[in-house]
file target-v8.cif (mmCIF, C-alpha atoms and all ligand atoms)
data_data
loop_
_atom_site.label_atom_id
_atom_site.label_comp_id
_atom_site.auth_asym_id
_atom_site.auth_seq_id
_atom_site.Cartn_x
_atom_site.Cartn_y
_atom_site.Cartn_z
CA MET A 24 0.00 0.00 0.00
CA LYS A 25 0.99 3.56 -0.71
CA LEU A 26 -0.23 6.05 1.88
CA THR A 27 0.01 9.70 2.85
CA LEU A 28 0.55 10.16 6.58
CA LYS A 29 -0.32 13.51 8.12
CA ILE A 30 1.42 13.39 11.50
CA TRP A 31 1.42 15.87 14.39
CA ARG A 32 5.03 16.94 15.05
CA GLN A 33 5.88 18.94 18.16
CA LYS A 34 9.45 19.31 19.44
CA ASN A 35 8.50 19.75 23.10
CA ALA A 36 5.74 20.93 25.43
CA GLN A 37 6.44 24.60 24.59
CA ASP A 38 6.55 24.18 20.80
CA LYS A 39 3.36 25.16 18.90
CA GLY A 40 3.50 22.00 16.75
CA GLY A 41 1.77 21.23 13.46
CA ILE A 42 0.88 18.56 10.91
CA VAL A 43 3.67 17.32 8.61
CA ASP A 44 3.03 15.18 5.49
CA TYR A 45 4.93 11.90 5.00
CA PRO A 46 4.33 9.81 1.86
CA ILE A 47 5.06 6.13 2.53
CA ASP A 48 5.16 3.07 0.25
CA GLY A 49 5.44 -0.72 0.60
CA ILE A 50 3.08 -1.06 3.60
CA GLU A 51 1.65 -4.59 3.95
CA PRO A 52 -1.99 -5.07 5.08
CA ASP A 53 -0.80 -7.53 7.76
CA MET A 54 1.47 -4.97 9.42
CA SER A 55 0.26 -3.43 12.65
CA PHE A 56 -0.21 0.33 12.77
CA LEU A 57 2.85 0.70 15.00
CA GLU A 58 4.95 -1.47 12.63
CA MET A 59 3.95 0.95 9.87
CA LEU A 60 5.26 3.81 12.04
CA ASP A 61 8.44 1.77 12.68
CA VAL A 62 8.97 1.59 8.89
CA LEU A 63 8.50 5.36 8.61
CA ASN A 64 10.92 6.01 11.48
CA GLU A 65 13.57 3.76 9.92
CA GLN A 66 13.30 5.77 6.71
CA LEU A 67 13.51 9.08 8.63
CA ILE A 68 16.57 7.89 10.58
CA ASN A 69 18.27 6.73 7.33
CA LYS A 70 17.68 10.22 5.90
CA GLY A 71 19.17 11.82 9.03
CA GLU A 72 15.78 13.19 10.16
CA GLU A 73 14.22 13.07 13.64
CA PRO A 74 11.99 9.97 14.05
CA VAL A 75 8.38 10.42 15.18
CA ALA A 76 8.02 9.93 18.95
CA PHE A 77 5.08 7.69 19.96
CA ASP A 78 4.22 5.63 23.04
CA HIS A 79 4.20 1.81 23.08
CA ASP A 80 5.31 -1.07 25.26
CA CYS A 81 3.63 -4.52 25.19
CA ARG A 82 2.15 -4.24 21.66
CA GLU A 83 -0.41 -6.86 22.79
CA GLY A 84 -3.28 -4.68 24.03
CA ILE A 85 -2.35 -5.17 27.68
CA CYS A 86 -0.27 -2.30 29.04
CA GLY A 87 -2.25 0.78 27.93
CA MET A 88 0.86 2.64 26.77
CA CYS A 89 -0.04 3.12 23.12
CA SER A 90 -2.37 5.95 22.28
CA LEU A 91 -2.85 7.92 19.00
CA PHE A 92 -5.85 9.68 17.55
CA ILE A 93 -6.14 8.14 14.07
CA ASN A 94 -8.43 9.83 11.54
CA GLY A 95 -10.24 11.49 14.44
CA GLU A 96 -10.75 8.35 16.56
CA ALA A 97 -8.89 7.20 19.66
CA HIS A 98 -7.08 3.94 18.77
CA GLY A 99 -8.30 4.29 15.15
CA PRO A 100 -11.22 2.93 13.13
CA ASP A 101 -11.40 -0.66 14.47
CA ARG A 102 -13.58 -1.54 17.52
CA GLY A 103 -12.38 -3.12 20.78
CA VAL A 104 -8.68 -2.82 19.98
CA THR A 105 -5.79 -0.63 21.03
CA THR A 106 -3.54 1.16 18.52
CA CYS A 107 -0.94 -1.62 18.79
CA GLN A 108 -3.59 -4.19 17.76
CA LEU A 109 -4.84 -2.11 14.82
CA HIS A 110 -3.84 -3.58 11.45
CA MET A 111 -3.14 -1.80 8.19
CA ARG A 112 -5.81 -3.93 6.49
CA MET A 113 -8.27 -1.43 7.99
CA PHE A 114 -6.96 1.10 5.42
CA LYS A 115 -6.88 1.16 1.62
CA ASP A 116 -4.11 1.80 -0.87
CA GLY A 117 -3.93 5.55 -1.54
CA ASP A 118 -5.50 6.55 1.82
CA THR A 119 -4.52 9.68 3.70
CA ILE A 120 -4.22 9.02 7.46
CA PHE A 121 -4.22 11.75 10.10
CA ILE A 122 -2.23 10.78 13.22
CA GLU A 123 -2.45 13.02 16.29
CA PRO A 124 -1.79 12.67 20.02
CA PHE A 125 -4.56 12.06 22.58
CA ARG A 126 -5.73 15.58 23.37
CA ALA A 127 -7.03 16.69 26.77
CA LYS A 128 -6.22 19.44 29.26
CA ALA A 129 -5.00 16.78 31.71
CA PHE A 130 -2.79 15.11 29.03
CA PRO A 131 -0.14 17.72 28.02
CA VAL A 132 1.91 16.85 24.92
CA ILE A 133 5.53 15.93 25.74
CA LYS A 134 6.76 15.41 22.19
CA ASP A 135 5.08 14.61 18.83
CA LEU A 136 2.50 11.91 19.64
CA VAL A 137 3.55 11.32 23.26
CA VAL A 138 1.39 12.82 26.00
CA ASP A 139 1.82 12.84 29.77
CA ARG A 140 -0.90 10.56 31.23
CA SER A 141 0.53 10.53 34.76
CA SER A 142 -2.67 12.27 35.91
CA LEU A 143 -4.33 8.83 35.64
CA ASP A 144 -1.54 7.32 37.78
CA ARG A 145 -2.11 9.95 40.49
CA ILE A 146 -5.83 9.07 40.57
CA GLN A 147 -4.83 5.42 41.03
CA HIS A 148 -2.42 6.34 43.84
CA ALA A 149 -5.26 8.22 45.59
CA GLY A 150 -7.34 5.07 46.11
CA GLY A 151 -6.76 2.26 43.62
CA PHE A 152 -5.55 -0.26 46.19
CA ILE A 153 -6.61 -2.36 49.16
CA SER A 154 -4.65 -2.77 52.39
CA VAL A 155 -3.69 -6.40 52.96
CA ASN A 156 -1.73 -7.91 55.82
CA THR A 157 1.33 -9.41 54.16
CA SER A 158 2.99 -10.54 57.40
CA GLY A 159 2.77 -14.20 56.42
CA ASN A 160 -0.77 -14.67 57.82
CA THR A 161 -2.53 -13.46 54.68
CA ILE A 162 -5.84 -15.23 54.10
CA ASP A 163 -6.08 -16.87 50.70
CA ALA A 164 -8.47 -14.83 48.54
CA ASN A 165 -10.32 -17.99 47.54
CA THR A 166 -11.46 -18.58 51.15
CA ILE A 167 -13.85 -15.60 50.84
CA PRO A 168 -16.96 -16.65 48.86
CA ILE A 169 -17.93 -14.10 46.21
CA ASN A 170 -21.14 -14.07 44.21
CA LYS A 171 -20.36 -15.06 40.59
CA HIS A 172 -22.28 -12.09 39.19
CA ASP A 173 -20.24 -9.64 41.31
CA ALA A 174 -16.96 -11.39 40.52
CA ASP A 175 -17.68 -11.15 36.77
CA LYS A 176 -18.64 -7.47 36.99
CA SER A 177 -15.51 -6.72 39.01
CA PHE A 178 -13.35 -8.55 36.49
CA ASP A 179 -14.96 -6.63 33.62
CA ALA A 180 -14.12 -3.34 35.37
CA ALA A 181 -10.57 -4.51 36.11
CA ALA A 182 -10.02 -4.99 32.37
CA CYS A 183 -9.41 -1.21 32.10
CA ILE A 184 -5.80 -0.73 30.99
CA GLY A 185 -5.64 3.00 31.79
CA CYS A 186 -4.97 4.03 28.19
CA GLY A 187 -6.93 7.29 28.41
CA ALA A 188 -8.88 6.81 25.16
CA CYS A 189 -12.07 7.63 27.07
CA VAL A 190 -10.62 11.00 28.10
CA ALA A 191 -9.32 11.79 24.60
CA THR A 192 -12.70 10.89 23.07
CA CYS A 193 -14.86 12.83 25.53
CA LYS A 194 -15.78 16.35 24.37
CA ASN A 195 -15.34 17.44 28.01
CA GLY A 196 -12.06 15.57 28.58
CA SER A 197 -13.72 13.60 31.38
CA ALA A 198 -12.02 10.65 33.11
CA MET A 199 -15.26 9.31 34.60
CA LEU A 200 -15.15 5.97 32.71
CA PHE A 201 -11.58 5.30 33.90
CA VAL A 202 -12.32 6.29 37.51
CA GLY A 203 -15.65 4.46 37.41
CA ALA A 204 -13.83 1.27 36.39
CA LYS A 205 -11.18 1.67 39.08
CA VAL A 206 -13.75 2.33 41.82
CA SER A 207 -16.06 -0.46 40.64
CA GLN A 208 -13.49 -3.24 40.56
CA TYR A 209 -13.10 -2.88 44.35
CA ALA A 210 -16.65 -1.76 45.22
CA LEU A 211 -17.99 -5.12 44.01
CA LEU A 212 -15.68 -7.24 46.18
CA PRO A 213 -15.63 -7.76 49.98
CA GLN A 214 -11.90 -6.93 50.04
CA GLY A 215 -12.72 -3.46 48.72
CA LYS A 216 -15.35 -2.60 51.32
CA VAL A 217 -12.94 -1.62 54.13
CA GLU A 218 -11.60 1.46 52.34
CA ALA A 219 -14.62 2.08 50.10
CA VAL A 220 -15.56 5.49 51.54
CA ASP A 221 -12.05 6.99 51.40
CA ARG A 222 -11.36 5.41 48.00
CA VAL A 223 -14.18 7.02 46.05
CA LEU A 224 -13.87 10.40 47.78
CA ASN A 225 -10.09 10.56 47.27
CA MET A 226 -10.12 9.33 43.68
CA VAL A 227 -12.86 11.76 42.62
CA HIS A 228 -11.09 14.60 44.45
CA GLN A 229 -7.82 13.80 42.63
CA MET A 230 -9.68 13.56 39.30
CA ASP A 231 -11.02 17.09 39.84
CA LEU A 232 -7.57 18.40 40.87
CA GLU A 233 -6.04 17.06 37.64
CA GLY A 234 -8.34 19.20 35.50
CA PHE A 235 -10.49 16.51 33.88
CA GLY A 236 -13.89 17.71 32.64
CA ASN A 237 -17.35 16.72 33.84
CA CYS A 238 -19.39 13.84 32.46
CA THR A 239 -22.46 14.86 30.42
CA ASN A 240 -23.59 11.29 29.62
CA THR A 241 -22.68 11.45 25.93
CA GLY A 242 -21.39 7.86 25.99
CA ALA A 243 -18.60 8.35 23.41
CA CYS A 244 -16.09 6.99 25.95
CA GLU A 245 -17.84 3.61 26.08
CA ILE A 246 -17.87 3.34 22.26
CA GLU A 247 -14.14 4.07 21.88
CA CYS A 248 -12.91 2.12 24.92
CA PRO A 249 -10.75 -0.77 23.65
CA LYS A 250 -11.70 -2.94 26.64
CA GLY A 251 -15.48 -2.53 26.51
CA ILE A 252 -15.73 -0.78 29.88
CA SER A 253 -19.43 -0.11 30.41
CA LEU A 254 -21.09 3.18 31.40
CA GLU A 255 -22.70 1.26 34.29
CA ASN A 256 -19.35 1.72 36.07
CA ILE A 257 -19.89 5.49 36.07
CA ALA A 258 -23.37 4.99 37.56
CA ARG A 259 -21.88 2.69 40.24
CA MET A 260 -19.18 5.25 41.06
CA ASN A 261 -21.84 7.97 41.41
CA ARG A 262 -23.81 5.75 43.83
CA GLU A 263 -20.62 4.99 45.80
CA TYR A 264 -19.78 8.72 45.90
CA LEU A 265 -23.24 9.71 47.14
CA SER A 266 -23.19 7.02 49.80
CA ALA A 267 -19.64 7.97 50.90
CA SER A 268 -20.56 11.69 51.05
CA LEU A 269 -23.50 10.93 53.35
CA LYS A 270 -21.30 8.78 55.61
CA GLY A 271 -18.44 11.31 55.51
S1 LIG E 1 -11.97 2.97 30.56
FE1 LIG E 1 -11.33 2.09 28.56
S2 LIG E 1 -10.65 3.87 27.36
FE2 LIG E 1 -10.69 4.51 29.52
S3 LIG E 1 -8.64 4.18 30.30
FE3 LIG E 1 -9.82 2.30 30.75
S4 LIG E 1 -9.46 0.96 28.99
FE4 LIG E 1 -8.79 3.00 28.33
S1 LIG E 2 1.45 -1.11 23.53
FE1 LIG E 2 0.57 -2.07 25.29
S2 LIG E 2 -1.56 -1.83 24.95
FE2 LIG E 2 -0.69 -1.08 23.10
#

call {"tool": "encode", "arguments": {"input": "target-v8.cif", "output": "structure tokens"}}
result
Amino acid sequence: MKLTLKIWRQKNAQDKGGIVDYPIDGIEPDMSFLEMLDVLNEQLINKGEEPVAFDHDCREGICGMCSLFINGEAHGPDRGVTTCQLHMRMFKDGDTIFIEPFRAKAFPVIKDLVVDRSSLDRIQHAGGFISVNTSGNTIDANTIPINKHDADKSFDAAACIGCGACVATCKNGSAMLFVGAKVSQYALLPQGKVEAVDRVLNMVHQMDLEGFGNCTNTGACEIECPKGISLENIARMNREYLSASLKG
């Protein structure tokens, strides 16, 4: 395939940045999107030019490191996949592809397509944990019976990989789907009950401090989430928050 890539280039956080055109040839439909960018970067390096900076790690849809807004969609045109799982067969010979970073007030651009998503980490630090006695007397988790329905719902919420596509997709730059998933995965389990009140209050407080927008129930986040995180997690977080506020 022969393609025209229109890629956001930005030297650093202070640089204004802009779209630069890169014609590219010899792209196979079976290549992943990131392999296609690897080919481009090899060509740029061979020409003595600066390669395009982009985030990636596992390249298996697990770590949440890859991002990219591709033709106006977080993680590109396929459904239920991350950018690293997107294949070039989703595009046609002769296509023009716009590639931009995830954009949100809470995700400042570091360089080219790399944004700082540590705001999500700080929300996790604020409450995304349980306190467990690890002195050697830890009770095996399987000794606590858990309703199958709750266990499944918790597991579904825990599938969130913290990629930030929900934030980048939301017109308000809201992180409610991410935080809803992180609150829900513990709220549904007995192990999460002990710190439930502090967890939801602290995580929502940190979310507001980081400058994420409010949720207006548009639902775009759910559509673009590569892990199928449901809006019901936002509703559960709101119930947890109301209950915690009344107790607090
Ligand atoms: S809720 Fe979905 S889109 Fe948002 S961070 Fe988690 S996996 Fe990514
Ligand atoms: S690189 Fe790990 S999820 Fe894409």

call {"tool": "atom_distance", "arguments": {"input": "target-v8.cif", "atom1": "CA of Cys189 (chain A)", "atom2": "CA of His110 (chain A)"}}
result
20.9 Å

call {"tool": "closest_residue", "arguments": {"input": "target-v8.cif", "among": "A:Lys176, A:Arg222, A:Arg262, A:His98", "to": "ligand LIG 1 (chain E)", "atoms": "all atoms listed in the file"}}
result
A:His98

call {"tool": "residues_near_ligand", "arguments": {"input": "target-v8.cif", "ligand": "ligand LIG 2 (chain E)", "cutoff": "6 Å", "atoms": "all atoms listed in the file", "output": "ChimeraX atom specification"}}
result
/A:79-89,105-107

call {"tool": "residues_near_ligand", "arguments": {"input": "target-v8.cif", "ligand": "ligand LIG 1 (chain E)", "cutoff": "6 Å", "atoms": "only C-alpha atoms and all ligand atoms", "output": "PDB file with C-alpha atoms, in the frame of the given file"}}
result
ATOM      1  CA  CYS A 183      -9.410  -1.210  32.100  1.00  0.00           C
ATOM      2  CA  ILE A 184      -5.800  -0.730  30.990  1.00  0.00           C
ATOM      3  CA  GLY A 185      -5.640   3.000  31.790  1.00  0.00           C
ATOM      4  CA  CYS A 186      -4.970   4.030  28.190  1.00  0.00           C
ATOM      5  CA  GLY A 187      -6.930   7.290  28.410  1.00  0.00           C
ATOM      6  CA  ALA A 188      -8.880   6.810  25.160  1.00  0.00           C
ATOM      7  CA  CYS A 189     -12.070   7.630  27.070  1.00  0.00           C
ATOM      8  CA  LEU A 200     -15.150   5.970  32.710  1.00  0.00           C
ATOM      9  CA  PHE A 201     -11.580   5.300  33.900  1.00  0.00           C
ATOM     10  CA  CYS A 248     -12.910   2.120  24.920  1.00  0.00           C
ATOM     11  CA  PRO A 249     -10.750  -0.770  23.650  1.00  0.00           C
ATOM     12  CA  LYS A 250     -11.700  -2.940  26.640  1.00  0.00           C
ATOM     13  CA  ILE A 252     -15.730  -0.780  29.880  1.00  0.00           C
TER      14      ILE A 252
END

call {"tool": "residues_around", "arguments": {"input": "target-v8.cif", "residues": "Val202 (chain A)", "least_positions_apart": "2", "cutoff": "8 Å", "atoms": "only C-alpha atoms", "output": "PyMOL selection string"}}
result
chain A and resi 146+198-200+204-206+226-227+230+257+260

call {"tool": "atom_distance", "arguments": {"input": "target-v8.cif", "atom1": "CA of Pro100 (chain A)", "atom2": "CA of Val43 (chain A)"}}
result
21.2 Å

call {"tool": "residues_around", "arguments": {"input": "target-v8.cif", "residues": "Pro131 (chain A)", "least_positions_apart": "6", "cutoff": "12 Å", "atoms": "all atoms listed in the file", "output": "PDB file with C-alpha atoms, keeping the file's coordinate frame"}}
result
ATOM      1  CA  GLN A  33       5.880  18.940  18.160  1.00  0.00           C
ATOM      2  CA  ASN A  35       8.500  19.750  23.100  1.00  0.00           C
ATOM      3  CA  ALA A  36       5.740  20.930  25.430  1.00  0.00           C
ATOM      4  CA  GLN A  37       6.440  24.600  24.590  1.00  0.00           C
ATOM      5  CA  ASP A  38       6.550  24.180  20.800  1.00  0.00           C
ATOM      6  CA  PRO A 124      -1.790  12.670  20.020  1.00  0.00           C
ATOM      7  CA  PHE A 125      -4.560  12.060  22.580  1.00  0.00           C
ATOM      8  CA  VAL A 137       3.550  11.320  23.260  1.00  0.00           C
ATOM      9  CA  VAL A 138       1.390  12.820  26.000  1.00  0.00           C
ATOM     10  CA  ASP A 139       1.820  12.840  29.770  1.00  0.00           C
ATOM     11  CA  ARG A 140      -0.900  10.560  31.230  1.00  0.00           C
ATOM     12  CA  SER A 141       0.530  10.530  34.760  1.00  0.00           C
ATOM     13  CA  SER A 142      -2.670  12.270  35.910  1.00  0.00           C
ATOM     14  CA  ALA A 191      -9.320  11.790  24.600  1.00  0.00           C
ATOM     15  CA  GLU A 233      -6.040  17.060  37.640  1.00  0.00           C
ATOM     16  CA  GLY A 234      -8.340  19.200  35.500  1.00  0.00           C
ATOM     17  CA  PHE A 235     -10.490  16.510  33.880  1.00  0.00           C
TER      18      PHE A 235
END

call {"tool": "build_atoms", "arguments": {"input": "target-v8.cif", "residues": "region 252-267 of chain A", "atoms": "N, CA, C and O atoms", "output": "PDB file, keeping the file's coordinate frame"}}
result
ATOM      1  N   ILE A 252     -15.295  -1.200  28.535  1.00  0.00           N
ATOM      2  CA  ILE A 252     -15.730  -0.780  29.880  1.00  0.00           C
ATOM      3  C   ILE A 252     -17.097  -0.087  29.752  1.00  0.00           C
ATOM      4  O   ILE A 252     -17.263   0.838  28.960  1.00  0.00           O
ATOM      5  N   SER A 253     -18.044  -0.559  30.547  1.00  0.00           N
ATOM      6  CA  SER A 253     -19.430  -0.110  30.410  1.00  0.00           C
ATOM      7  C   SER A 253     -19.700   1.170  31.210  1.00  0.00           C
ATOM      8  O   SER A 253     -19.123   1.388  32.282  1.00  0.00           O
ATOM      9  N   LEU A 254     -20.660   1.956  30.689  1.00  0.00           N
ATOM     10  CA  LEU A 254     -21.090   3.180  31.400  1.00  0.00           C
ATOM     11  C   LEU A 254     -21.680   2.862  32.769  1.00  0.00           C
ATOM     12  O   LEU A 254     -21.761   3.740  33.624  1.00  0.00           O
ATOM     13  N   GLU A 255     -22.106   1.611  32.980  1.00  0.00           N
ATOM     14  CA  GLU A 255     -22.700   1.260  34.290  1.00  0.00           C
ATOM     15  C   GLU A 255     -21.683   1.467  35.411  1.00  0.00           C
ATOM     16  O   GLU A 255     -22.057   1.656  36.567  1.00  0.00           O
ATOM     17  N   ASN A 256     -20.385   1.470  35.057  1.00  0.00           N
ATOM     18  CA  ASN A 256     -19.350   1.720  36.070  1.00  0.00           C
ATOM     19  C   ASN A 256     -19.383   3.173  36.559  1.00  0.00           C
ATOM     20  O   ASN A 256     -19.064   3.451  37.717  1.00  0.00           O
ATOM     21  N   ILE A 257     -19.760   4.084  35.661  1.00  0.00           N
ATOM     22  CA  ILE A 257     -19.890   5.490  36.070  1.00  0.00           C
ATOM     23  C   ILE A 257     -21.078   5.623  37.030  1.00  0.00           C
ATOM     24  O   ILE A 257     -20.995   6.298  38.064  1.00  0.00           O
ATOM     25  N   ALA A 258     -22.180   4.945  36.684  1.00  0.00           N
ATOM     26  CA  ALA A 258     -23.370   4.990  37.560  1.00  0.00           C
ATOM     27  C   ALA A 258     -23.027   4.419  38.937  1.00  0.00           C
ATOM     28  O   ALA A 258     -23.427   4.969  39.974  1.00  0.00           O
ATOM     29  N   ARG A 259     -22.255   3.299  38.960  1.00  0.00           N
ATOM     30  CA  ARG A 259     -21.880   2.690  40.240  1.00  0.00           C
ATOM     31  C   ARG A 259     -20.995   3.644  41.042  1.00  0.00           C
ATOM     32  O   ARG A 259     -21.169   3.807  42.245  1.00  0.00           O
ATOM     33  N   MET A 260     -20.049   4.308  40.350  1.00  0.00           N
ATOM     34  CA  MET A 260     -19.180   5.250  41.060  1.00  0.00           C
ATOM     35  C   MET A 260     -20.015   6.392  41.643  1.00  0.00           C
ATOM     36  O   MET A 260     -19.773   6.826  42.782  1.00  0.00           O
ATOM     37  N   ASN A 261     -20.998   6.893  40.901  1.00  0.00           N
ATOM     38  CA  ASN A 261     -21.840   7.970  41.410  1.00  0.00           C
ATOM     39  C   ASN A 261     -22.615   7.528  42.659  1.00  0.00           C
ATOM     40  O   ASN A 261     -22.754   8.287  43.621  1.00  0.00           O
ATOM     41  N   ARG A 262     -23.090   6.271  42.644  1.00  0.00           N
ATOM     42  CA  ARG A 262     -23.810   5.750  43.830  1.00  0.00           C
ATOM     43  C   ARG A 262     -22.839   5.635  45.015  1.00  0.00           C
ATOM     44  O   ARG A 262     -23.166   5.994  46.142  1.00  0.00           O
ATOM     45  N   GLU A 263     -21.649   5.126  44.736  1.00  0.00           N
ATOM     46  CA  GLU A 263     -20.620   4.990  45.800  1.00  0.00           C
ATOM     47  C   GLU A 263     -20.271   6.369  46.366  1.00  0.00           C
ATOM     48  O   GLU A 263     -20.083   6.533  47.564  1.00  0.00           O
ATOM     49  N   TYR A 264     -20.176   7.368  45.474  1.00  0.00           N
ATOM     50  CA  TYR A 264     -19.780   8.720  45.900  1.00  0.00           C
ATOM     51  C   TYR A 264     -20.869   9.340  46.777  1.00  0.00           C
ATOM     52  O   TYR A 264     -20.571   9.926  47.832  1.00  0.00           O
ATOM     53  N   LEU A 265     -22.130   9.163  46.366  1.00  0.00           N
ATOM     54  CA  LEU A 265     -23.240   9.710  47.140  1.00  0.00           C
ATOM     55  C   LEU A 265     -23.282   9.075  48.525  1.00  0.00           C
ATOM     56  O   LEU A 265     -23.358   9.758  49.547  1.00  0.00           O
ATOM     57  N   SER A 266     -23.153   7.747  48.532  1.00  0.00           N
ATOM     58  CA  SER A 266     -23.190   7.020  49.800  1.00  0.00           C
ATOM     59  C   SER A 266     -22.017   7.440  50.692  1.00  0.00           C
ATOM     60  O   SER A 266     -22.184   7.685  51.891  1.00  0.00           O
ATOM     61  N   ALA A 267     -20.822   7.580  50.116  1.00  0.00           N
ATOM     62  CA  ALA A 267     -19.640   7.970  50.900  1.00  0.00           C
ATOM     63  C   ALA A 267     -19.788   9.402  51.430  1.00  0.00           C
ATOM     64  O   ALA A 267     -19.400   9.696  52.552  1.00  0.00           O
TER      65      ALA A 267
END
